[in-house]
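A.B. asks: As input, take entry.txt (compact mmCIF, C-alpha atoms):
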# COMPACT_ATOMS: atom_id res chain seq x y z
CA MET A 1 -51.80 17.98 22.82
CA PRO A 2 -51.60 16.52 19.32
CA SER A 3 -48.22 16.50 17.62
CA ASN A 4 -47.52 18.35 14.38
CA ARG A 5 -47.61 15.08 12.51
CA LEU A 6 -51.08 14.24 13.78
CA VAL A 7 -52.32 17.71 13.00
CA GLU A 8 -50.90 17.42 9.51
CA LYS A 9 -52.53 14.01 9.06
CA GLU A 10 -55.85 15.43 10.12
CA LYS A 11 -55.48 18.30 7.71
CA VAL A 12 -54.67 15.90 4.85
CA ALA A 13 -57.68 13.73 5.70
CA THR A 14 -59.92 16.79 5.85
CA TYR A 15 -58.69 18.10 2.49
CA ALA A 16 -59.19 14.67 0.87
CA SER A 17 -62.68 14.04 2.23
CA VAL A 18 -63.91 17.58 1.57
CA LEU A 19 -62.60 17.40 -1.96
CA PHE A 20 -64.18 14.00 -2.52
CA TYR A 21 -67.62 15.00 -1.26
CA SER A 22 -67.69 18.33 -3.04
CA VAL A 23 -66.62 16.83 -6.36
CA PHE A 24 -68.94 13.86 -5.99
CA GLU A 25 -71.84 16.18 -5.20
CA SER A 26 -71.26 18.27 -8.28
CA GLY A 27 -70.08 15.75 -10.89
CA GLY A 28 -70.57 12.26 -9.59
CA ARG A 29 -68.16 9.35 -10.05
CA ASP A 30 -66.67 10.55 -13.32
CA ALA A 31 -65.74 13.91 -11.82
CA VAL A 32 -64.17 12.17 -8.83
CA LEU A 33 -62.13 9.98 -11.12
CA ARG A 34 -61.10 12.99 -13.16
CA VAL A 35 -60.03 14.83 -10.04
CA ARG A 36 -58.01 11.83 -9.06
CA ASP A 37 -56.09 12.16 -12.33
CA GLU A 38 -55.76 15.88 -11.89
CA ILE A 39 -54.32 15.54 -8.42
CA GLU A 40 -51.72 13.19 -9.80
CA GLN A 41 -50.85 15.61 -12.59
CA VAL A 42 -50.66 18.63 -10.28
CA VAL A 43 -48.41 16.75 -7.86
CA ARG A 44 -46.13 15.86 -10.76
CA ILE A 45 -46.07 19.49 -11.94
CA ILE A 46 -45.29 20.81 -8.48
CA ARG A 47 -42.52 18.26 -7.91
CA GLY A 48 -40.90 19.23 -11.18
CA ASN A 49 -41.15 22.96 -10.63
CA ALA A 50 -39.44 24.25 -7.53
CA THR A 51 -40.05 27.88 -8.44
CA LEU A 52 -43.80 27.31 -8.58
CA ILE A 53 -44.01 25.65 -5.17
CA GLU A 54 -41.77 28.36 -3.71
CA ALA A 55 -43.99 31.06 -5.13
CA LEU A 56 -47.18 29.34 -3.92
CA CYS A 57 -45.73 29.09 -0.40
CA SER A 58 -43.83 32.38 -0.34
CA LEU A 59 -44.40 34.93 2.39
CA ALA A 60 -43.44 37.61 -0.11
CA TYR A 61 -46.99 37.34 -1.46
CA SER A 62 -50.13 37.96 0.48
CA PRO A 63 -52.59 35.06 1.02
CA GLU A 64 -54.90 36.61 -1.50
CA GLN A 65 -52.14 36.86 -4.06
CA ARG A 66 -51.20 33.21 -3.52
CA ASN A 67 -54.86 32.25 -3.85
CA THR A 68 -55.15 34.10 -7.13
CA MET A 69 -51.87 32.66 -8.36
CA ALA A 70 -53.05 29.09 -7.73
CA ARG A 71 -56.39 29.68 -9.39
CA GLU A 72 -54.76 31.17 -12.46
CA THR A 73 -52.14 28.43 -12.63
CA PHE A 74 -54.59 25.53 -12.45
CA THR A 75 -57.45 26.91 -14.53
CA GLU A 76 -57.99 23.62 -16.36
CA CYS A 77 -58.77 21.68 -13.20
CA VAL A 78 -62.21 20.82 -11.87
CA SER A 79 -63.52 23.89 -10.02
CA GLU A 80 -63.78 22.21 -6.60
CA PHE A 81 -60.23 20.97 -6.89
CA ARG A 82 -59.09 24.39 -8.05
CA ASP A 83 -60.77 25.95 -5.01
CA MET A 84 -58.94 23.54 -2.77
CA LEU A 85 -55.61 24.31 -4.42
CA ALA A 86 -56.24 28.03 -3.97
CA LEU A 87 -57.06 27.48 -0.30
CA MET A 88 -53.92 25.42 0.20
CA ALA A 89 -51.83 28.11 -1.45
CA GLU A 90 -53.48 30.76 0.69
CA ARG A 91 -52.59 28.78 3.79
CA ARG A 92 -49.12 27.92 2.44
CA GLU A 93 -49.92 24.20 2.60
CA MET A 94 -49.28 23.19 -0.99
CA ASP A 95 -46.69 20.69 0.17
CA LEU A 96 -49.52 18.62 1.67
CA LEU A 97 -50.98 17.90 -1.75
CA ALA A 98 -48.71 14.92 -2.31
CA GLN A 99 -50.11 13.39 0.88
CA VAL A 100 -53.67 14.25 -0.08
CA GLU A 101 -53.43 12.17 -3.25
CA PRO A 102 -53.28 8.65 -1.69
CA VAL A 103 -55.81 9.58 0.98
CA PHE A 104 -58.17 10.82 -1.70
CA VAL A 105 -57.77 7.57 -3.62
CA ASP A 106 -58.49 5.63 -0.41
CA VAL A 107 -61.63 7.66 0.22
CA LEU A 108 -62.67 7.21 -3.38
CA GLN A 109 -62.25 3.44 -3.24
CA GLU A 110 -63.92 3.20 0.13
CA LYS A 111 -66.91 5.34 -0.72
CA LEU A 112 -67.46 4.22 -4.31
CA HIS A 113 -66.25 0.68 -3.82
CA VAL A 114 -64.18 1.16 -6.92
CA THR A 115 -60.54 0.50 -7.62
CA VAL A 116 -58.88 2.62 -10.22
CA VAL A 117 -56.35 0.68 -12.23
CA ASP A 118 -53.91 2.76 -14.23
CA VAL A 119 -52.99 1.04 -17.44
CA VAL A 120 -50.16 2.15 -19.67
CA THR A 121 -49.76 0.63 -23.13
CA VAL A 122 -48.20 1.48 -26.48
CA VAL A 123 -51.41 1.10 -28.43
CA ALA A 124 -54.97 1.96 -27.43
CA LEU A 125 -56.83 -0.86 -25.72
CA ASP A 126 -59.75 -2.49 -27.46
CA ASN A 127 -62.77 -3.78 -25.60
CA HIS A 128 -61.48 -7.31 -25.57
CA LEU A 129 -58.31 -6.27 -23.76
CA ARG A 130 -60.26 -4.04 -21.40
CA ASP A 131 -62.46 -6.98 -20.46
CA ILE A 132 -59.47 -9.20 -19.82
CA ILE A 133 -57.74 -6.58 -17.67
CA ILE A 134 -60.86 -5.69 -15.72
CA LYS A 135 -61.63 -9.34 -15.11
CA LYS A 136 -58.15 -10.03 -13.85
CA ALA A 137 -58.06 -6.94 -11.59
CA ALA A 138 -61.57 -7.55 -10.26
CA SER A 139 -60.79 -11.14 -9.40
CA GLU A 140 -57.70 -10.08 -7.55
CA LEU A 141 -58.90 -6.88 -5.86
CA GLY A 142 -62.52 -7.85 -5.26
CA THR A 143 -63.99 -4.46 -6.21
CA GLU A 144 -65.41 -2.76 -9.22
CA ILE A 145 -62.59 -1.77 -11.54
CA VAL A 146 -62.21 1.48 -13.38
CA LEU A 147 -59.43 1.64 -15.93
CA ARG A 148 -57.46 4.82 -16.47
CA GLU A 149 -55.74 4.29 -19.79
CA ARG A 150 -52.65 6.07 -20.98
CA ILE A 151 -50.55 5.55 -24.07
CA ASP A 152 -46.81 5.78 -23.65
CA LYS A 153 -44.52 4.74 -26.48
CA SER A 154 -41.52 4.62 -24.19
CA ILE A 155 -42.59 1.30 -22.71
CA LEU A 156 -42.06 -0.19 -26.23
CA GLY A 157 -44.77 -2.81 -25.80
CA GLY A 158 -46.62 -4.90 -23.27
CA ILE A 159 -48.52 -3.35 -20.40
CA LEU A 160 -48.00 -1.50 -17.15
CA MET A 161 -50.76 -1.74 -14.54
CA SER A 162 -50.95 -0.08 -11.13
CA ALA A 163 -53.56 0.05 -8.43
CA ASN A 164 -53.59 0.66 -4.71
CA GLY A 165 -49.93 1.57 -4.82
CA LYS A 166 -49.05 -1.78 -6.37
CA ARG A 167 -47.63 -2.07 -9.81
CA ILE A 168 -47.46 -4.86 -12.35
CA ASP A 169 -44.81 -4.09 -14.89
CA ALA A 170 -45.18 -6.33 -17.95
CA SER A 171 -43.73 -3.82 -20.38
CA VAL A 172 -41.29 -4.78 -23.12
CA PHE A 173 -39.02 -1.94 -22.00
CA THR A 174 -38.70 -3.42 -18.52
CA GLN A 175 -38.18 -6.89 -19.91
CA ILE A 176 -35.41 -5.65 -22.17
CA GLU A 177 -33.87 -3.75 -19.27
CA ASN A 178 -34.07 -6.88 -17.11
CA ALA A 179 -32.41 -8.85 -19.89
CA ARG A 180 -29.76 -6.14 -20.20
CA THR A 181 -29.05 -6.24 -16.47
CA LEU A 182 -28.98 -10.02 -16.46
CA LEU A 183 -26.61 -10.20 -19.41
CA LYS A 184 -24.30 -7.58 -17.92
CA LYS A 185 -24.32 -9.39 -14.58
CA SER A 186 -23.55 -12.71 -16.20
CA SER A 187 -20.78 -11.14 -18.28
CA ASP A 188 -19.20 -9.78 -15.06
CA GLY A 189 -18.60 -13.25 -13.78
CA GLY A 190 -17.51 -14.63 -17.13
CA GLU A 191 -13.93 -14.79 -18.31
CA SER A 192 -11.32 -14.61 -15.58
CA MET B 193 94.72 1.26 31.12
CA ASN B 194 95.58 3.01 34.49
CA LYS B 195 98.86 4.72 35.37
CA GLY B 196 100.18 1.83 37.58
CA ALA B 197 99.80 -0.64 34.80
CA LYS B 198 101.60 1.65 32.37
CA LYS B 199 104.44 2.07 34.84
CA GLY B 200 104.74 -1.71 35.30
CA MET B 201 104.81 -2.21 31.59
CA VAL B 202 107.59 0.33 31.15
CA LYS B 203 109.60 -1.30 33.99
CA ALA B 204 109.20 -4.77 32.50
CA LEU B 205 110.31 -3.53 29.11
CA ALA B 206 113.37 -1.95 30.63
CA VAL B 207 114.34 -5.19 32.39
CA VAL B 208 113.79 -7.24 29.26
CA SER B 209 115.89 -4.79 27.29
CA SER B 210 118.71 -5.06 29.86
CA ALA B 211 118.71 -8.87 29.75
CA PHE B 212 118.71 -8.80 25.97
CA ALA B 213 121.67 -6.48 26.08
CA VAL B 214 123.59 -8.86 28.39
CA ILE B 215 122.92 -11.74 26.05
CA CYS B 216 124.00 -9.76 23.07
CA ALA B 217 127.21 -8.79 24.87
CA LEU B 218 128.47 -12.39 24.86
CA PRO B 219 128.66 -13.32 21.17
CA SER B 220 132.24 -14.41 21.40
CA LEU B 221 131.26 -17.29 23.61
CA ALA B 222 128.63 -18.48 21.22
CA PHE B 223 130.87 -18.69 18.21
CA ALA B 224 134.14 -19.70 19.97
CA GLU B 225 134.79 -23.03 18.33
CA GLU B 226 133.44 -25.34 15.54
CA LYS B 227 131.76 -28.74 16.34
CA SER B 228 131.20 -31.97 14.50
CA GLY B 229 129.13 -35.14 14.84
CA VAL B 230 126.54 -35.52 17.53
CA ALA B 231 128.00 -32.53 19.26
CA VAL B 232 126.34 -30.40 16.60
CA ILE B 233 122.88 -31.09 17.90
CA LEU B 234 123.82 -31.08 21.59
CA PRO B 235 123.85 -27.73 23.40
CA ASP B 236 127.17 -26.15 24.07
CA MET B 237 127.37 -25.64 27.75
CA ASN B 238 129.35 -22.50 27.33
CA GLU B 239 126.45 -20.94 25.51
CA PHE B 240 123.63 -22.81 27.15
CA ILE B 241 124.30 -21.84 30.73
CA PRO B 242 124.50 -18.10 30.16
CA MET B 243 121.47 -18.35 27.93
CA LEU B 244 119.64 -20.28 30.64
CA ILE B 245 120.72 -17.81 33.25
CA ALA B 246 119.62 -14.98 31.04
CA PHE B 247 116.36 -16.73 30.36
CA ILE B 248 115.76 -17.38 34.05
CA ILE B 249 116.55 -13.77 34.82
CA VAL B 250 114.17 -12.62 32.12
CA LEU B 251 111.61 -15.09 33.37
CA ILE B 252 111.98 -13.92 36.94
CA ILE B 253 111.82 -10.29 35.89
CA LEU B 254 108.84 -10.95 33.76
CA ALA B 255 107.23 -13.04 36.51
CA LYS B 256 107.92 -10.34 39.01
CA PHE B 257 106.95 -7.24 37.09
CA GLY B 258 105.31 -8.15 33.78
CA TRP B 259 102.96 -10.95 34.71
CA PRO B 260 100.83 -9.05 37.29
CA VAL B 261 100.42 -6.25 34.78
CA PHE B 262 99.39 -8.66 32.01
CA ASP B 263 97.30 -10.59 34.43
CA GLY B 264 95.55 -7.40 35.53
CA ILE B 265 95.00 -6.34 31.94
CA VAL B 266 93.73 -9.79 30.99
CA LYS B 267 91.43 -9.95 34.04
CA LYS B 268 90.14 -6.49 33.38
CA ARG B 269 89.59 -7.36 29.75
CA ASP B 270 87.99 -10.59 30.80
CA SER B 271 85.61 -8.78 33.11
CA GLN B 272 84.86 -6.23 30.42
CA ILE B 273 84.19 -8.97 27.93
CA LYS B 274 82.03 -10.81 30.47
CA GLN B 275 80.11 -7.64 31.19
CA GLN B 276 79.72 -6.93 27.51
CA LEU B 277 78.63 -10.53 26.98
CA GLU B 278 76.12 -10.20 29.78
CA GLU B 279 74.90 -6.92 28.38
CA SER B 280 74.68 -8.37 24.93
CA GLU B 281 72.91 -11.39 26.35
CA ALA B 282 70.48 -9.13 28.17
CA ALA B 283 70.09 -7.09 25.01
CA ARG B 284 69.54 -10.29 23.06
CA ILE B 285 66.96 -11.49 25.56
CA GLU B 286 65.32 -8.08 25.50
CA SER B 287 65.39 -8.01 21.74
CA GLU B 288 64.00 -11.53 21.60
CA ARG B 289 61.30 -10.51 24.04
CA LEU B 290 60.53 -7.44 21.98
CA LEU B 291 60.65 -9.54 18.83
CA ALA B 292 58.26 -12.04 20.36
CA GLU B 293 56.12 -9.18 21.53
CA TYR B 294 56.15 -7.59 18.10
CA ARG B 295 55.46 -10.95 16.52
CA GLN B 296 52.55 -11.41 18.90
CA GLN B 297 51.31 -7.92 18.14
CA LEU B 298 51.76 -8.60 14.44
CA ALA B 299 49.91 -11.87 14.76
CA ASP B 300 47.19 -10.12 16.76
CA ALA B 301 47.03 -7.36 14.19
CA LYS B 302 46.91 -9.91 11.42
CA LYS B 303 44.22 -11.82 13.22
CA GLU B 304 42.30 -8.64 13.87
CA SER B 305 42.69 -7.55 10.26
CA TYR B 306 41.49 -10.97 9.11
CA GLN B 307 38.56 -10.66 11.47
CA ILE B 308 37.78 -7.15 10.25
CA VAL B 309 38.03 -8.28 6.66
CA ALA B 310 35.86 -11.29 7.41
CA GLU B 311 33.32 -9.15 9.23
CA ALA B 312 33.36 -6.60 6.43
CA LYS B 313 32.97 -9.39 3.93
CA GLN B 314 30.11 -10.84 5.96
CA ALA B 315 28.47 -7.43 6.32
CA GLY B 316 28.96 -6.84 2.63
CA GLU B 317 27.44 -10.21 1.82
CA ALA B 318 24.51 -9.52 4.14
CA LEU B 319 24.04 -6.07 2.65
CA LYS B 320 24.28 -7.50 -0.83
CA ALA B 321 21.77 -10.19 0.03
CA ASP B 322 19.49 -7.62 1.63
CA ILE B 323 19.71 -5.27 -1.35
CA THR B 324 19.18 -8.17 -3.72
CA ALA B 325 16.20 -9.40 -1.74
CA LYS B 326 14.72 -5.93 -1.59
CA ALA B 327 15.29 -5.38 -5.29
CA GLN B 328 13.78 -8.78 -6.02
CA ALA B 329 10.80 -8.05 -3.79
CA GLU B 330 10.34 -4.67 -5.40
CA ALA B 331 10.62 -6.18 -8.85
CA ASP B 332 8.15 -8.92 -7.89
CA ASN B 333 5.81 -6.32 -6.48
CA MET B 334 6.06 -4.21 -9.61
CA ILE B 335 5.49 -7.24 -11.79
CA ALA B 336 2.50 -8.28 -9.67
CA LYS B 337 1.08 -4.77 -9.83
CA ALA B 338 1.66 -4.59 -13.54
CA LYS B 339 0.01 -8.00 -13.99
CA LEU B 340 -2.88 -6.90 -11.84
CA ALA B 341 -3.22 -3.65 -13.76
CA ILE B 342 -3.08 -5.52 -17.06
CA GLU B 343 -5.61 -8.04 -15.80
CA THR B 344 -7.87 -5.27 -14.53
CA GLU B 345 -7.55 -3.37 -17.78
CA LYS B 346 -8.23 -6.54 -19.70
CA LYS B 347 -11.26 -7.35 -17.58
CA ALA B 348 -12.50 -3.78 -17.88
CA ALA B 349 -12.04 -3.86 -21.64
CA VAL B 350 -13.80 -7.21 -21.92
CA ALA B 351 -16.57 -6.06 -19.61
CA GLU B 352 -16.91 -2.83 -21.54
CA LEU B 353 -17.05 -4.74 -24.79
CA GLN B 354 -19.60 -7.17 -23.38
CA GLU B 355 -21.64 -4.29 -22.03
CA SER B 356 -21.48 -2.58 -25.39
CA VAL B 357 -22.63 -5.78 -27.08
CA VAL B 358 -25.43 -6.17 -24.56
CA ASP B 359 -26.47 -2.53 -24.92
CA LEU B 360 -26.37 -2.79 -28.67
CA SER B 361 -28.37 -6.01 -28.67
CA CYS B 362 -30.96 -4.58 -26.31
CA ASP B 363 -31.20 -1.35 -28.29
CA VAL B 364 -31.65 -3.32 -31.50
CA ALA B 365 -34.29 -5.50 -29.84
CA ALA B 366 -36.08 -2.40 -28.53
CA ARG B 367 -36.06 -0.79 -31.97
CA LEU B 368 -37.27 -3.93 -33.64
CA VAL B 369 -40.09 -4.29 -31.13
CA SER B 370 -41.13 -0.65 -31.31
CA SER B 371 -40.94 -0.26 -35.08
CA ASP B 372 -41.69 -3.66 -36.53
CA LEU B 373 -44.69 -4.73 -34.48
CA SER B 374 -48.16 -3.88 -35.69
CA ASP B 375 -50.98 -2.77 -33.38
CA LYS B 376 -52.46 -6.23 -33.63
CA GLU B 377 -49.20 -7.83 -32.58
CA HIS B 378 -48.90 -5.33 -29.73
CA ARG B 379 -52.39 -6.22 -28.52
CA ALA B 380 -51.54 -9.90 -28.73
CA ILE B 381 -48.50 -9.27 -26.58
CA ILE B 382 -50.55 -7.26 -24.10
CA GLU B 383 -53.10 -10.06 -23.82
CA ARG B 384 -50.40 -12.64 -23.27
CA TYR B 385 -48.63 -10.46 -20.71
CA VAL B 386 -51.84 -9.73 -18.81
CA ASN B 387 -52.53 -13.42 -18.53
CA GLU B 388 -48.98 -14.21 -17.54
CA ALA B 389 -48.38 -11.18 -15.35
CA GLY B 390 -48.20 -11.33 -11.57
CA SER B 391 -51.02 -10.53 -9.20
CA PHE B 392 -51.97 -7.26 -7.46
CA ASN B 393 -52.21 -9.32 -4.31
CA ALA B 394 -48.70 -10.66 -4.64
CA LYS B 395 -46.36 -9.62 -1.80
Could you spell out this file's structure in structure tokens?
C.D. replies:
Amino acid sequence: MPSNRLVEKEKVATYASVLFYSVFESGGRDAVLRVRDEIEQVVRIIRGNATLIEALCSLAYSPEQRNTMARETFTECVSEFRDMLALMAERREMDLLAQVEPVFVDVLQEKLHVTVVDVVTVVALDNHLRDIIIKKAASELGTEIVLRERIDKSILGGILMSANGKRIDASVFTQIENARTLLKKSSDGGES
Amino acid sequence: MNKGAKKGMVKALAVVSSAFAVICALPSLAFAEEKSGVAVILPDMNEFIPMLIAFIIVLIILAKFGWPVFDGIVKKRDSQIKQQLEESEAARIESERLLAEYRQQLADAKKESYQIVAEAKQAGEALKADITAKAQAEADNMIAKAKLAIETEKKAAVAELQESVVDLSCDVAARLVSSDLSDKEHRAIIERYVNEAGSFNAK
């Protein structure tokens, strides 16, 4: 008899693969990549909103009500993804979404032979920078690279890249923080 | 003095009185005629013989009746004196013994008092030393704690100051980077960082 953990793992794998195939069928690679971003955003929203996750998993509402609630909450999402969210809410399995995300990315990379590299910068990338980044990532990861660009002023400068759960932090913010930590550490052992 | 002795004394006095009366009854013989020359210093037989007789009589009477009484009195007195001397000697010995005993007790008491004083002095000294040592230790401890607290405060203040300086420097650097750099400069930094950055395959 399979344990709860195995059952859960199977459910997560099923959600991820069904979502991938349905989205790929309807919108192709771009839709899949968009869904990937949407999953990430929805997970972030759910993690930061305890009331929402409670409501989406509450027994006080009927499955139909939870389904409707999820659909109306995530109206901006790709329809296949929205359907899956509604189903998860109906079944009170919204907490599995965080586990679906990495599995979906794995399926995406495996099926499309593509690695999505998230890039965060202070200014928008130009083509020259894109080429450099893609070249570097492709040489290291050995797959086709798709960049997901995001501008975030809080990193002050430099670049933040992440792919396959690995992260290269070459931001000015981190460098300043490292310098701050180093200076504070060195000042601790200074005058006696 | 007992009754017998008193009686003897009275008898002897009576005899002596009688003999004295006999002697006094013959004055005419004593002053019968005048003498000259050596005869002045020689005894007149007419006076001497009766005087001698009277003396002998008195002597006999006294020897017979007076002497035993005096002898008894003297012996009795002698024995009394001896007894008193013995008693006084015994008392003296006893008093000397008591004196020696008292002296010994006094010496013992003195010795004991000296010992008590010495012990008290010693205990006092020990107590004083103990209190002094404790006070010193406490003072040392307080000083050490105060020094430690001062040192800690000083270190904390210095560390805080250094941290403030570091924070300020980093904040200034961050502001300079974020506000003073142009997009072109940012892109140049990005390019440099991408080339210098670590690998996705790094472990």
A.B. asks: Check every residue of chain B for an atom within 9 Å of chain A, counting only C-alpha atoms, and provide those that qualify as a PyMOL selection string.
C.D. replies: chain B and resi 343+347+350-351+354-355+358-359+361-363+365-367+369-371+373+375+378-393
A.B. asks: Atom CA of A:Glu149 to atom CA of A:Val119: how many Å, to one decimal?
C.D. replies: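 If I compute the distance from atom CA of A:Glu149 to atom CA of A:Val119, I get 4.9 Å.
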A.B. asks: What is the atom CA of A:Leu85 to atom CA of A:Ala70 distance in Å?
C.D. replies: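 Atom CA of A:Leu85 sits 6.4 Å away from atom CA of A:Ala70.
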A.B. asks: If you measure from atom CA of B:Thr324 to atom CA of B:Ile342, what distance in Å do you get, rounded to one decimal?
C.D. replies: 26.1 Å
A.B. asks: Around all the atoms of stretch 118-132 of chain A listed in the file, draw an axis-aligned box and extend it by 8 Å on each of the six sides; I want its centre and edge lengths in Å to one decimal, as AutoDock Vina command-line options.
C.D. replies:
--center_x -55.5 --center_y -3.2 --center_z -21.3 --size_x 30.6 --size_y 28.0 --size_z 30.2
A.B. asks: Give me the residues near stretch 72-75 of chain A as a VMD selection string, where near means some atom within 12 Å (using all atoms listed in the file) and where sequence neighbours in that chain fewer than 2 positions away do not count.
C.D. replies: chain A and resid 38 to 39 41 to 43 45 to 46 52 to 53 55 to 56 65 to 70 77 to 86 89
A.B. asks: Store the residues of this selection in a file with C-alpha atoms, as an mmCIF file, in the coordinates of the input.
C.D. replies:
data_model
loop_
_atom_site.group_PDB
_atom_site.id
_atom_site.type_symbol
_atom_site.label_atom_id
_atom_site.label_comp_id
_atom_site.auth_asym_id
_atom_site.auth_seq_id
_atom_site.Cartn_x
_atom_site.Cartn_y
_atom_site.Cartn_z
ATOM 1 C CA GLU A 38 -55.760 15.880 -11.890
ATOM 2 C CA ILE A 39 -54.320 15.540 -8.420
ATOM 3 C CA GLN A 41 -50.850 15.610 -12.590
ATOM 4 C CA VAL A 42 -50.660 18.630 -10.280
ATOM 5 C CA VAL A 43 -48.410 16.750 -7.860
ATOM 6 C CA ILE A 45 -46.070 19.490 -11.940
ATOM 7 C CA ILE A 46 -45.290 20.810 -8.480
ATOM 8 C CA LEU A 52 -43.800 27.310 -8.580
ATOM 9 C CA ILE A 53 -44.010 25.650 -5.170
ATOM 10 C CA ALA A 55 -43.990 31.060 -5.130
ATOM 11 C CA LEU A 56 -47.180 29.340 -3.920
ATOM 12 C CA GLN A 65 -52.140 36.860 -4.060
ATOM 13 C CA ARG A 66 -51.200 33.210 -3.520
ATOM 14 C CA ASN A 67 -54.860 32.250 -3.850
ATOM 15 C CA THR A 68 -55.150 34.100 -7.130
ATOM 16 C CA MET A 69 -51.870 32.660 -8.360
ATOM 17 C CA ALA A 70 -53.050 29.090 -7.730
ATOM 18 C CA CYS A 77 -58.770 21.680 -13.200
ATOM 19 C CA VAL A 78 -62.210 20.820 -11.870
ATOM 20 C CA SER A 79 -63.520 23.890 -10.020
ATOM 21 C CA GLU A 80 -63.780 22.210 -6.600
ATOM 22 C CA PHE A 81 -60.230 20.970 -6.890
ATOM 23 C CA ARG A 82 -59.090 24.390 -8.050
ATOM 24 C CA ASP A 83 -60.770 25.950 -5.010
ATOM 25 C CA MET A 84 -58.940 23.540 -2.770
ATOM 26 C CA LEU A 85 -55.610 24.310 -4.420
ATOM 27 C CA ALA A 86 -56.240 28.030 -3.970
ATOM 28 C CA ALA A 89 -51.830 28.110 -1.450
#
